[in-house]
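First comes the structure, then the notes that go with it.
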2 protein chains.
Amino acid sequence: MRDEDLIWKPGKPEKVFSVPIVDVYRVESRSPDGKQTGTYYRIKPKDGVIVVPVVKNEEGVFFLMVRQWRHGSEILTTEFPSGIIEPGEDPAAAAARELREETGYSAGKLELHRVIYQNPAIQYNTCHLFTAENPVPAGGLQPDSDEYLARVLVPAERLMAEIGTGEFAHALTAAALFFHLQAEGRIR
Amino acid sequence: MRDEDLIWKPGKPEKVFSVPIVDVYRVESRSPDGKQTGTYYRIKPKDGVIVVPVVKNEEGVFFLMVRQWRHGSEILTTEFPSGIIEPGEDPAAAAARELREETGYSAGKLELHRVIYQNPAIQYNTCHLFTAENPVPAGGLQPDSDEYLARVLVPAERLMAEIGTGEFAHALTAAALFFHLQAEGRIR
């Protein structure tokens, strides 16, 4: 099937809902064959960054992670440092800033692996996925006034065994780990 | 830091927006130390399933995927078969149903790998991730009336090289592939 048999023709989006974390748009879209028009909703959260910080020391290899309350799912999670790209901010600068604020570590060299869509079926936010090799301690945490964070060094073997379960069940943490491991040549 | 120093105390959620694909709730939540209260929004899309169908034949190993227009991001993607769990539906039944509808293949044995949160920071929907080994052709596609789908057999080597880029830039497709590969013992 050719692409032109799959591509819809969206009309002008109309904003129907807006709060600080998300806007929702309604759009009338015409089917590829022109035979029907449908009403669709597009969820627009903000674009984000995730950084996989790898700490190697005499005790082994660790991932530097953040344990925190997540208001969306009302659970405690342990995740890679992450956050929103501020308006006009460079994604790599956002990654370095979030790492510094949430863990107190300075990024050193950041490598961008991928820019992924969080869920293109219903949303149109992206996430930039970085690795920070050997970040260095640079002072205390600088959380936002309503952030209560714990910095955690998670042994690499533990995360590999538990990713996708319990406190590590965040899809984007799993995706970030995947592309980090792929870049390291650890996936056959 | 102890868990009780991280856990917020959410109040009663109030629904502030609702369209077919998503509800949004507002909740007042009290900080772990009791010193502040904040207003938070929780986005509730529907829970979903993704199934990684692996087809092995004399020409090699392929992933059975679906190319389609995604109204959220207004892009064409190539993804693993996926969809929403209907009210009261068993997740494995939903996976088998979506695979059948979107590809015309019958699932055979389904293996559940993980149940992940799509983005616990702002959302509270989950996704069940399955593998279907050696699904078998069972007739034509059965798309919804507004679905225009192309079934694609993607060579395994191609998906491994291109996952997270171009038409394969869906975070949940990457997460599903990751847990499939992990179950196969292909991640060191």
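We label chains A, B, ... in the order they appear in the structure tokens, count residues from 1 in each chain, and number ligands from 1 in the order shown.
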
Those of region 41-188 of chain A in DSSP strand (DSSP E), formatted as a ChimeraX atom specification:
/A:41-45,48-57,60-70,75-79,82-84,105-106,110-117,126-133,136-137,149-155

Generate the output file for the selected residues, C-alpha atoms, as a compact mmCIF listing (two decimals), in the first residue's frame.
```
# COMPACT_ATOMS: atom_id res chain seq x y z
CA TYR A 41 -8.13 14.81 19.63
CA ARG A 42 -4.43 15.50 19.99
CA ILE A 43 -2.88 15.60 23.47
CA LYS A 44 0.09 17.96 23.70
CA PRO A 45 2.19 17.58 26.85
CA GLY A 48 11.14 16.29 27.49
CA VAL A 49 14.64 14.96 28.02
CA ILE A 50 15.95 11.87 29.79
CA VAL A 51 19.60 11.30 30.62
CA VAL A 52 21.18 7.94 31.50
CA PRO A 53 24.06 8.75 33.88
CA VAL A 54 26.61 5.96 34.18
CA VAL A 55 28.89 6.02 37.24
CA LYS A 56 31.88 3.66 37.34
CA ASN A 57 33.91 3.40 40.51
CA GLY A 60 31.31 -1.41 40.13
CA VAL A 61 29.03 0.14 37.54
CA PHE A 62 25.98 2.10 38.67
CA PHE A 63 23.14 4.06 37.14
CA LEU A 64 22.49 7.38 38.85
CA MET A 65 18.73 7.57 39.31
CA VAL A 66 16.03 9.58 41.06
CA ARG A 67 13.38 8.21 43.38
CA GLN A 68 10.31 10.42 43.59
CA TRP A 69 6.54 10.67 43.80
CA ARG A 70 4.82 10.83 40.42
CA ILE A 75 3.22 6.04 42.72
CA LEU A 76 6.86 6.20 43.80
CA THR A 77 9.20 5.53 40.90
CA THR A 78 12.94 5.25 40.45
CA GLU A 79 13.84 6.80 37.09
CA SER A 82 14.38 13.77 33.33
CA GLY A 83 12.33 16.86 32.78
CA ILE A 84 10.79 19.36 30.45
CA TYR A 105 26.06 15.74 39.38
CA SER A 106 27.58 17.63 36.47
CA LEU A 110 26.43 14.07 26.83
CA GLU A 111 25.62 11.81 23.90
CA LEU A 112 22.24 12.09 22.17
CA HIS A 113 20.91 8.68 21.10
CA ARG A 114 17.37 9.23 19.87
CA VAL A 115 14.42 11.62 19.69
CA ILE A 116 11.30 9.52 20.16
CA TYR A 117 7.56 10.17 20.16
CA THR A 126 8.80 13.94 22.00
CA CYS A 127 11.62 12.93 24.31
CA HIS A 128 15.35 13.39 23.70
CA LEU A 129 17.34 10.43 25.10
CA PHE A 130 20.92 11.05 26.25
CA THR A 131 23.72 9.20 27.98
CA ALA A 132 26.09 10.98 30.39
CA GLU A 133 29.29 9.01 30.86
CA VAL A 136 30.92 14.14 38.50
CA PRO A 137 29.55 15.31 41.87
CA LEU A 149 13.73 13.69 45.53
CA ALA A 150 16.11 10.96 46.60
CA ARG A 151 19.25 10.32 44.56
CA VAL A 152 19.97 6.60 44.19
CA LEU A 153 22.97 4.74 42.77
CA VAL A 154 21.45 1.57 41.34
CA PRO A 155 23.86 -1.29 40.55
```

Chain B contacts on chain A, only C-alpha atoms, 8 Å, as a ChimeraX atom specification
/A:1,5-8,10,17,19,21,31-32,38,40-43,68-76,114-125,146,148-150,164-165,169-172,174-175,178,186-188

To test your reading of the structure, identify every residue in chain B that backbone DSSP assigns to helix (DSSP H, G or I), and report it as a ChimeraX atom specification.
/B:3-5,91-103,156-162,166-168,171-183

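Atom pair CA of Glu184 (chain A) / CA of Leu99 (chain A) has a distance of 20.6 Å (rounded to one decimal).
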